[in-house]
>>> print(open('data.cif').read())   # mmCIF, C-alpha atoms and all ligand atoms
data_protein
#
loop_
_atom_site.label_atom_id
_atom_site.label_comp_id
_atom_site.auth_asym_id
_atom_site.auth_seq_id
_atom_site.Cartn_x
_atom_site.Cartn_y
_atom_site.Cartn_z
CA MET O 1 50.48 131.18 140.19
CA LEU O 2 52.14 134.60 140.04
CA PRO O 3 52.90 135.42 136.36
CA ILE O 4 56.62 136.03 136.61
CA THR O 5 59.32 135.99 134.00
CA ILE O 6 62.85 134.85 134.79
CA ARG O 7 65.94 136.25 133.09
CA GLU O 8 69.63 136.70 133.78
CA ALA O 9 70.52 139.71 135.90
CA GLU O 10 72.16 142.80 134.41
CA LEU O 11 74.33 145.41 136.09
CA ALA O 12 71.34 147.77 136.18
CA ASP O 13 69.62 145.30 138.57
CA ALA O 14 72.36 145.54 141.23
CA GLN O 15 70.72 148.19 143.43
CA ARG O 16 67.32 146.47 143.37
CA LEU O 17 68.95 143.15 144.30
CA LEU O 18 70.72 144.86 147.19
CA ASP O 19 67.39 146.30 148.37
CA ILE O 20 65.80 142.84 148.35
CA GLU O 21 68.87 141.43 150.09
CA ARG O 22 68.75 144.07 152.81
CA ILE O 23 65.13 143.35 153.72
CA SER O 24 65.73 139.60 153.55
CA PHE O 25 68.93 139.03 155.53
CA ILE O 26 69.92 140.29 158.94
CA THR O 27 73.63 139.67 158.61
CA ASP O 28 76.50 139.01 156.17
CA LEU O 29 75.20 141.50 153.58
CA ILE O 30 76.91 141.89 150.22
CA PRO O 31 78.39 145.36 149.48
CA LEU O 32 77.19 147.03 146.23
CA ARG O 33 80.64 146.62 144.67
CA GLN O 34 80.60 142.87 145.26
CA MET O 35 77.04 142.60 143.98
CA ARG O 36 78.05 144.34 140.76
CA TYR O 37 81.11 142.11 140.48
CA LEU O 38 79.05 138.95 140.99
CA ILE O 39 76.57 140.03 138.32
CA SER O 40 79.09 141.07 135.71
CA LYS O 41 82.51 139.47 136.11
CA ALA O 42 82.75 136.66 138.60
CA LYS O 43 82.27 132.98 137.81
CA ALA O 44 78.67 133.40 138.79
CA VAL O 45 75.21 133.55 137.30
CA THR O 46 72.30 135.47 138.73
CA TYR O 47 68.71 134.95 137.67
CA VAL O 48 66.03 137.48 138.55
CA ALA O 49 62.27 137.01 138.72
CA GLU O 50 60.23 139.91 137.36
CA TYR O 51 56.60 140.65 138.07
CA GLU O 52 54.86 143.55 136.34
CA GLY O 53 58.22 144.86 135.15
CA ARG O 54 59.79 144.87 138.62
CA VAL O 55 62.41 142.51 140.01
CA ILE O 56 60.93 140.66 143.00
CA GLY O 57 63.52 137.98 143.65
CA TYR O 58 66.84 136.52 142.63
CA VAL O 59 69.08 133.52 142.90
CA MET O 60 72.83 133.81 142.64
CA VAL O 61 74.88 130.76 141.70
CA LEU O 62 78.65 130.32 141.80
CA VAL O 63 80.10 128.26 138.95
CA PRO O 64 83.76 127.50 139.72
CA LYS O 65 86.01 125.49 137.48
CA HIS O 66 85.25 121.77 137.35
CA PRO O 67 85.51 119.56 139.37
CA ARG O 68 84.71 121.99 142.18
CA PRO O 69 81.04 121.93 143.20
CA ALA O 70 78.66 124.69 142.15
CA ARG O 71 77.16 126.75 144.95
CA ILE O 72 73.85 128.47 145.53
CA TYR O 73 75.31 131.67 146.95
CA SER O 74 72.17 133.63 147.70
CA ILE O 75 68.43 133.48 147.10
CA ALA O 76 65.84 135.96 148.26
CA VAL O 77 62.33 137.06 147.39
CA ASP O 78 60.68 140.38 148.19
CA PRO O 79 58.54 139.75 151.32
CA ALA O 80 55.48 141.12 149.47
CA HIS O 81 55.67 138.19 147.05
CA ARG O 82 56.75 135.28 149.21
CA GLY O 83 54.80 132.05 149.44
CA GLN O 84 53.97 132.06 145.72
CA LYS O 85 56.66 129.66 144.49
CA VAL O 86 58.96 132.39 143.20
CA ALA O 87 61.99 130.88 144.95
CA GLN O 88 60.98 127.42 143.79
CA ARG O 89 60.89 128.58 140.17
CA LEU O 90 64.22 130.39 140.50
CA MET O 91 65.81 127.25 141.97
CA HIS O 92 64.39 125.16 139.16
CA ILE O 93 65.98 127.43 136.52
CA ALA O 94 69.30 127.62 138.40
CA LEU O 95 69.57 123.85 138.83
CA GLY O 96 68.67 123.28 135.18
CA TYR O 97 71.47 125.60 134.21
CA LEU O 98 73.94 123.76 136.46
CA ARG O 99 72.86 120.44 134.96
CA SER O 100 73.49 121.84 131.49
CA LEU O 101 77.01 122.77 132.63
CA GLN O 102 77.50 119.16 133.81
CA TYR O 103 78.00 119.98 137.47
CA ALA O 104 77.76 116.81 139.54
CA VAL O 105 77.41 118.48 142.94
CA VAL O 106 75.75 121.68 144.20
CA ARG O 107 76.27 122.97 147.73
CA LEU O 108 74.86 125.79 149.83
CA GLU O 109 74.82 127.11 153.36
CA VAL O 110 71.64 127.99 155.17
CA ARG O 111 70.99 129.26 158.67
CA ALA O 112 70.46 126.28 160.94
CA ASP O 113 67.38 128.00 162.40
CA ASP O 114 65.80 128.75 158.98
CA GLU O 115 63.33 125.91 158.60
CA GLY O 116 61.55 127.58 155.67
CA ALA O 117 64.61 127.83 153.43
CA GLN O 118 65.71 124.31 154.43
CA THR O 119 62.31 122.97 153.39
CA LEU O 120 62.71 124.68 150.02
CA TYR O 121 66.11 123.07 149.50
CA ARG O 122 64.95 119.63 150.65
CA GLN O 123 62.21 119.81 148.03
CA PHE O 124 64.96 119.81 145.41
CA GLY O 125 66.81 116.91 147.03
CA PHE O 126 69.42 118.81 149.06
CA THR O 127 70.49 116.97 152.20
CA PRO O 128 72.51 118.30 155.16
CA ILE O 129 76.17 117.30 155.16
CA ARG O 130 77.64 119.45 157.94
CA HIS O 131 76.63 121.65 160.85
CA MET O 132 78.88 124.69 161.25
CA ALA O 133 78.71 126.54 164.56
CA GLN O 134 79.26 130.34 164.64
CA TYR O 135 79.17 130.57 160.84
CA TYR O 136 77.42 133.91 160.41
CA ALA O 137 78.55 137.30 161.67
CA ASP O 138 75.79 137.30 164.31
CA GLY O 139 77.04 133.96 165.69
CA ALA O 140 74.28 131.84 164.14
CA ALA O 141 75.11 128.32 163.00
CA ALA O 142 74.86 127.16 159.40
CA LEU O 143 73.86 123.92 157.83
CA LYS O 144 75.82 122.96 154.74
CA MET O 145 73.56 121.12 152.29
CA GLN O 146 74.42 119.20 149.17
CA LEU O 147 72.66 117.96 146.05
CA THR O 148 74.06 115.40 143.64
CA LEU O 149 72.88 116.15 140.13
CA GLU O 150 72.18 113.48 137.59
CA VAL O 151 74.31 114.57 134.70
CA PRO O 152 73.08 113.33 131.31
CA SER O 153 75.49 111.01 129.54
CA PRO O 154 77.13 112.46 126.40
CA SER O 155 75.00 110.20 124.16
CA GLU O 156 71.70 111.62 125.50
C1 LIG O 201 63.46 131.48 151.60
C2 LIG O 201 62.77 132.33 150.52
C3 LIG O 201 63.76 132.61 149.41
C4 LIG O 201 61.57 131.52 149.97
O1 LIG O 201 60.96 132.29 148.92
P1 LIG O 201 59.45 132.03 148.46
O2 LIG O 201 59.29 132.55 147.08
O3 LIG O 201 58.52 132.52 149.48
O4 LIG O 201 59.42 130.44 148.46
P2 LIG O 201 58.41 129.53 147.64
O5 LIG O 201 57.03 130.11 147.65
O6 LIG O 201 58.99 129.22 146.31
O7 LIG O 201 58.42 128.23 148.54
C5 LIG O 201 58.73 126.97 148.02
C6 LIG O 201 58.71 125.98 149.17
O8 LIG O 201 59.69 126.30 150.15
C7 LIG O 201 59.17 126.08 151.48
N1 LIG O 201 59.12 127.36 152.18
C8 LIG O 201 59.50 128.56 151.70
N2 LIG O 201 59.37 129.50 152.66
C9 LIG O 201 58.91 128.87 153.75
C10 LIG O 201 58.58 129.30 155.07
N3 LIG O 201 58.72 130.57 155.46
N4 LIG O 201 58.14 128.39 155.95
C11 LIG O 201 58.01 127.09 155.58
N5 LIG O 201 58.29 126.62 154.35
C12 LIG O 201 58.73 127.51 153.46
C13 LIG O 201 57.79 125.50 151.32
O9 LIG O 201 57.92 124.09 151.35
C14 LIG O 201 57.39 125.95 149.93
O10 LIG O 201 56.56 125.03 149.28
P3 LIG O 201 54.98 125.05 149.53
O11 LIG O 201 54.56 126.45 149.22
O12 LIG O 201 54.48 124.04 148.56
O13 LIG O 201 54.79 124.68 150.95
C15 LIG O 201 62.20 133.65 151.11
O14 LIG O 201 61.43 133.36 152.25
C16 LIG O 201 63.27 134.64 151.48
O15 LIG O 201 63.67 135.47 150.66
N6 LIG O 201 63.75 134.60 152.75
C17 LIG O 201 64.78 135.50 153.22
C18 LIG O 201 66.09 135.18 152.59
C19 LIG O 201 66.53 133.77 152.89
O16 LIG O 201 66.39 133.28 154.00
N7 LIG O 201 67.09 133.10 151.88
C20 LIG O 201 67.62 131.76 152.01
C21 LIG O 201 68.93 131.88 152.63
S1 LIG O 201 69.93 130.48 152.49
#
>>> encode(input="data.cif", output="structure tokens")
Amino acid sequence: MLPITIREAELADAQRLLDIERISFITDLIPLRQMRYLISKAKAVTYVAEYEGRVIGYVMVLVPKHPRPARIYSIAVDPAHRGQKVAQRLMHIALGYLRSLQYAVVRLEVRADDEGAQTLYRQFGFTPIRHMAQYYADGAAALKMQLTLEVPSPSE
């Protein structure tokens, strides 16, 4: 398994995250200003995976006020390091964090034609709840997926 470390993103990571985003997505890209905002100010948490001192992937999670559901906003891994469970480990950390915040529901949108990402999400228990035509700027449809988290009772 690739020896990665996972930590929270800092503002200094913004440009590298944008670079990974730009080689990973063909549409609906985040401007640098929004990336910086999401890392530093918004109700959001971003985890980055580092390998040999370089960021090779990230997951960005939106954490709105309860009882609104949390949302996996974006996840991407540098193509040079895909297929080595980096996304899986990022998702594991992100979902653990959401459990610790007592979120009951996590949602996300994924391209309807992206079988790989959907498989990743299904591994964690996400199931499709809605098909949304013409969701992305290039006209592609999205699948909204949802996961119900088991929140520990206060006595645990
Ligand atoms: C989707 C993405 C984040 C996966 O990253 P990754 O580090 O390669 O994924 P992992 O190695 O952790 O894969 C975990 C599981 O997801 C599934 N999976 C991931 N990519 C897959 C692919 N291209 N095809 C089929 N299954 C895939 C597999 O089931 C895999 O488990 P396995 O290796 O035991 O079969 C990466 O391909 C990426 O950055 N894609 C472009 C951006 C994107 O589409 N993000 C999701 C948008 S919603």
>>> closest_residue(input="data.cif", among="O:Tyr136, O:Val61, O:Phe25, O:Tyr103", to="ligand LIG 201 (chain O)", atoms="all atoms listed in the file")
O:Phe25
>>> closest_residue(input="data.cif", among="O:Arg107, O:Arg89, O:Arg99, O:Arg54", to="ligand LIG 201 (chain O)", atoms="only C-alpha atoms and all ligand atoms")
O:Arg89
>>> closest_atom_pairs(input="data.cif", of="chain O", to="ligand LIG 201 (chain O)", cutoff="7 Å", atoms="only C-alpha atoms and all ligand atoms", output="Markdown table")
| residue | atom | partner | partner_atom | distance |
| --- | --- | --- | --- | --- |
| O:Ser24 | CA | O:LIG201 | C17 | 4.2 |
| O:Phe25 | CA | O:LIG201 | C18 | 5.6 |
| O:Ser74 | CA | O:LIG201 | C21 | 6.2 |
| O:Ile75 | CA | O:LIG201 | N7 | 5.0 |
| O:Ala76 | CA | O:LIG201 | O15 | 3.3 |
| O:Val77 | CA | O:LIG201 | O15 | 3.9 |
| O:Asp78 | CA | O:LIG201 | O15 | 6.3 |
| O:Pro79 | CA | O:LIG201 | O15 | 6.7 |
| O:His81 | CA | O:LIG201 | O2 | 6.7 |
| O:Arg82 | CA | O:LIG201 | O3 | 3.3 |
| O:Gly83 | CA | O:LIG201 | O5 | 3.5 |
| O:Gln84 | CA | O:LIG201 | O5 | 4.1 |
| O:Lys85 | CA | O:LIG201 | O6 | 3.0 |
| O:Val86 | CA | O:LIG201 | O2 | 3.9 |
| O:Ala87 | CA | O:LIG201 | O6 | 3.7 |
| O:Gln88 | CA | O:LIG201 | O6 | 3.7 |
| O:Arg89 | CA | O:LIG201 | O6 | 6.5 |
| O:Glu109 | CA | O:LIG201 | S1 | 6.0 |
| O:Val110 | CA | O:LIG201 | S1 | 4.0 |
| O:Arg111 | CA | O:LIG201 | S1 | 6.4 |
| O:Asp114 | CA | O:LIG201 | O16 | 6.8 |
| O:Glu115 | CA | O:LIG201 | C11 | 6.2 |
| O:Gly116 | CA | O:LIG201 | C10 | 3.5 |
| O:Ala117 | CA | O:LIG201 | C1 | 4.2 |
| O:Thr119 | CA | O:LIG201 | C7 | 4.8 |
| O:Leu120 | CA | O:LIG201 | O8 | 3.4 |
| O:Gln123 | CA | O:LIG201 | O9 | 6.9 |
>>> closest_residue(input="data.cif", among="O:Ala12, O:Ala49, O:Val63, O:Ala80", to="Ile93 of chain O", atoms="all atoms listed in the file")
O:Ala49
>>> residues_around(input="data.cif", residues="Tyr37 of chain O", least_positions_apart="3", cutoff="12 Å", atoms="all atoms listed in the file", output="list in words")
Ala9, Glu10, Leu11, Ala14, Ile30, Pro31, Leu32, Arg33, Gln34, Ser40, Lys41, Ala42, Lys43, Ala44, Val45, Thr46 and Met60 of chain O
>>> closest_residue(input="data.cif", among="O:Gly53, O:Pro128, O:Pro64, O:Pro3", to="Gln102 of chain O", atoms="all atoms listed in the file")
O:Pro64
>>> atom_distance(input="data.cif", atom1="atom CA of Glu21 of chain O", atom2="atom CA of Arg68 of chain O")
26.3 Å
>>> atom_distance(input="data.cif", atom1="atom CA of Phe126 of chain O", atom2="atom CA of Val48 of chain O")
21.7 Å
>>> closest_residue(input="data.cif", among="O:Tyr58, O:Tyr97, O:Tyr47, O:Tyr73", to="Met145 of chain O", atoms="all atoms listed in the file")
O:Tyr73
>>> closest_residue(input="data.cif", among="O:Thr127, O:Asp138, O:Val55, O:Ala94", to="Ile26 of chain O", atoms="all atoms listed in the file")
O:Asp138
>>> atom_distance(input="data.cif", atom1="atom CA of Glu52 of chain O", atom2="atom CA of Thr27 of chain O")
29.4 Å
>>> residues_near_point(input="data.cif", point="(82.7, 117.6, 136.9)", cutoff="10 Å", atoms="only C-alpha atoms", output="list of chain:residue names")
O:Lys65, O:His66, O:Pro67, O:Arg68, O:Pro69, O:Ala70, O:Leu101, O:Gln102, O:Tyr103, O:Ala104, O:Val105, O:Val151
>>> residues_around(input="data.cif", residues="Gln134 of chain O", least_positions_apart="6", cutoff="12 Å", atoms="all atoms listed in the file", output="list of chain:residue names")
O:Arg111, O:Ala112, O:Ala140, O:Ala141, O:Ala142, O:Leu143
>>> decode(input="data.cif", residues="segment 82-131 of chain O", atoms="N, CA and C atoms", output="compact mmCIF listing (two decimals), in the first residue's frame")
# COMPACT_ATOMS: atom_id res chain seq x y z
N ARG O 82 -3.40 6.85 -8.88
CA ARG O 82 -4.73 6.23 -8.74
C ARG O 82 -4.62 4.71 -8.63
N GLY O 83 -5.69 4.10 -8.16
CA GLY O 83 -5.74 2.65 -8.07
C GLY O 83 -4.93 2.10 -6.91
N GLN O 84 -4.57 2.96 -5.97
CA GLN O 84 -3.77 2.50 -4.82
C GLN O 84 -4.45 2.85 -3.50
N LYS O 85 -5.78 2.93 -3.56
CA LYS O 85 -6.61 3.13 -2.36
C LYS O 85 -6.44 4.48 -1.69
N VAL O 86 -5.92 5.46 -2.42
CA VAL O 86 -5.75 6.78 -1.81
C VAL O 86 -7.14 7.39 -1.54
N ALA O 87 -8.03 7.32 -2.54
CA ALA O 87 -9.37 7.88 -2.36
C ALA O 87 -10.10 7.14 -1.24
N GLN O 88 -9.92 5.82 -1.22
CA GLN O 88 -10.59 5.03 -0.18
C GLN O 88 -10.15 5.49 1.22
N ARG O 89 -8.86 5.75 1.37
CA ARG O 89 -8.37 6.16 2.69
C ARG O 89 -8.82 7.58 3.02
N LEU O 90 -8.90 8.45 2.02
CA LEU O 90 -9.41 9.80 2.26
C LEU O 90 -10.88 9.75 2.68
N MET O 91 -11.66 8.90 1.99
CA MET O 91 -13.08 8.78 2.33
C MET O 91 -13.25 8.26 3.76
N HIS O 92 -12.42 7.31 4.12
CA HIS O 92 -12.50 6.72 5.45
C HIS O 92 -12.28 7.80 6.52
N ILE O 93 -11.27 8.64 6.32
CA ILE O 93 -10.98 9.71 7.28
C ILE O 93 -12.14 10.72 7.30
N ALA O 94 -12.62 11.10 6.11
CA ALA O 94 -13.69 12.10 6.03
C ALA O 94 -14.96 11.60 6.72
N LEU O 95 -15.31 10.34 6.49
CA LEU O 95 -16.55 9.82 7.08
C LEU O 95 -16.40 9.65 8.59
N GLY O 96 -15.19 9.31 9.04
CA GLY O 96 -14.94 9.23 10.48
C GLY O 96 -15.13 10.59 11.14
N TYR O 97 -14.66 11.61 10.45
CA TYR O 97 -14.81 12.97 10.97
C TYR O 97 -16.29 13.35 11.04
N LEU O 98 -17.04 13.01 10.00
CA LEU O 98 -18.48 13.35 9.99
C LEU O 98 -19.23 12.59 11.08
N ARG O 99 -18.83 11.35 11.31
CA ARG O 99 -19.43 10.58 12.42
C ARG O 99 -19.16 11.28 13.74
N SER O 100 -17.93 11.75 13.91
CA SER O 100 -17.56 12.40 15.18
C SER O 100 -18.36 13.70 15.37
N LEU O 101 -18.80 14.29 14.28
CA LEU O 101 -19.62 15.50 14.36
C LEU O 101 -21.11 15.17 14.46
N GLN O 102 -21.42 13.87 14.52
CA GLN O 102 -22.80 13.40 14.71
C GLN O 102 -23.70 13.66 13.50
N TYR O 103 -23.11 13.74 12.32
CA TYR O 103 -23.98 13.84 11.13
C TYR O 103 -24.68 12.51 10.92
N ALA O 104 -25.98 12.57 10.61
CA ALA O 104 -26.74 11.35 10.38
C ALA O 104 -26.72 10.97 8.90
N VAL O 105 -26.59 11.98 8.03
CA VAL O 105 -26.71 11.73 6.60
C VAL O 105 -25.58 12.47 5.85
N VAL O 106 -25.01 11.79 4.87
CA VAL O 106 -24.00 12.39 3.99
C VAL O 106 -24.48 12.21 2.55
N ARG O 107 -24.39 13.26 1.77
CA ARG O 107 -24.82 13.17 0.37
C ARG O 107 -23.68 13.58 -0.55
N LEU O 108 -23.81 13.23 -1.82
CA LEU O 108 -22.85 13.66 -2.83
C LEU O 108 -23.49 13.53 -4.20
N GLU O 109 -22.89 14.21 -5.16
CA GLU O 109 -23.30 14.04 -6.55
C GLU O 109 -22.11 13.48 -7.32
N VAL O 110 -22.43 12.59 -8.23
CA VAL O 110 -21.38 11.98 -9.05
C VAL O 110 -21.91 11.89 -10.48
N ARG O 111 -21.01 12.00 -11.45
CA ARG O 111 -21.46 11.88 -12.83
C ARG O 111 -22.10 10.50 -13.02
N ALA O 112 -23.24 10.51 -13.70
CA ALA O 112 -23.98 9.26 -13.89
C ALA O 112 -23.17 8.26 -14.70
N ASP O 113 -22.23 8.78 -15.52
CA ASP O 113 -21.43 7.87 -16.36
C ASP O 113 -20.11 7.48 -15.70
N ASP O 114 -19.88 7.89 -14.45
CA ASP O 114 -18.61 7.60 -13.78
C ASP O 114 -18.75 6.37 -12.87
N GLU O 115 -18.60 5.21 -13.52
CA GLU O 115 -18.79 3.95 -12.78
C GLU O 115 -17.73 3.79 -11.68
N GLY O 116 -16.50 4.24 -11.96
CA GLY O 116 -15.41 4.06 -11.01
C GLY O 116 -15.70 4.76 -9.70
N ALA O 117 -16.05 6.05 -9.77
CA ALA O 117 -16.34 6.81 -8.55
C ALA O 117 -17.56 6.23 -7.84
N GLN O 118 -18.57 5.81 -8.63
CA GLN O 118 -19.78 5.24 -7.99
C GLN O 118 -19.44 3.96 -7.23
N THR O 119 -18.53 3.17 -7.79
CA THR O 119 -18.10 1.94 -7.10
C THR O 119 -17.44 2.28 -5.77
N LEU O 120 -16.59 3.31 -5.81
CA LEU O 120 -15.92 3.77 -4.58
C LEU O 120 -16.96 4.13 -3.53
N TYR O 121 -17.96 4.91 -3.92
CA TYR O 121 -18.96 5.36 -2.96
C TYR O 121 -19.83 4.20 -2.46
N ARG O 122 -20.15 3.28 -3.36
CA ARG O 122 -20.97 2.12 -2.93
C ARG O 122 -20.21 1.29 -1.88
N GLN O 123 -18.89 1.25 -2.03
CA GLN O 123 -18.09 0.50 -1.04
C GLN O 123 -18.31 1.03 0.38
N PHE O 124 -18.61 2.30 0.48
CA PHE O 124 -18.83 2.90 1.80
C PHE O 124 -20.30 2.90 2.20
N GLY O 125 -21.16 2.35 1.35
CA GLY O 125 -22.57 2.22 1.70
C GLY O 125 -23.47 3.28 1.08
N PHE O 126 -22.90 4.17 0.24
CA PHE O 126 -23.75 5.16 -0.43
C PHE O 126 -24.67 4.45 -1.41
N THR O 127 -25.93 4.92 -1.47
CA THR O 127 -26.87 4.38 -2.45
C THR O 127 -27.48 5.54 -3.24
N PRO O 128 -27.83 5.31 -4.51
CA PRO O 128 -28.41 6.38 -5.32
C PRO O 128 -29.79 6.77 -4.82
N ILE O 129 -30.06 8.08 -4.76
CA ILE O 129 -31.41 8.50 -4.35
C ILE O 129 -32.10 9.33 -5.43
N ARG O 130 -31.33 9.84 -6.39
CA ARG O 130 -31.97 10.64 -7.44
C ARG O 130 -31.07 10.73 -8.67
N HIS O 131 -31.70 10.72 -9.83
CA HIS O 131 -30.98 10.93 -11.08
C HIS O 131 -31.31 12.34 -11.55
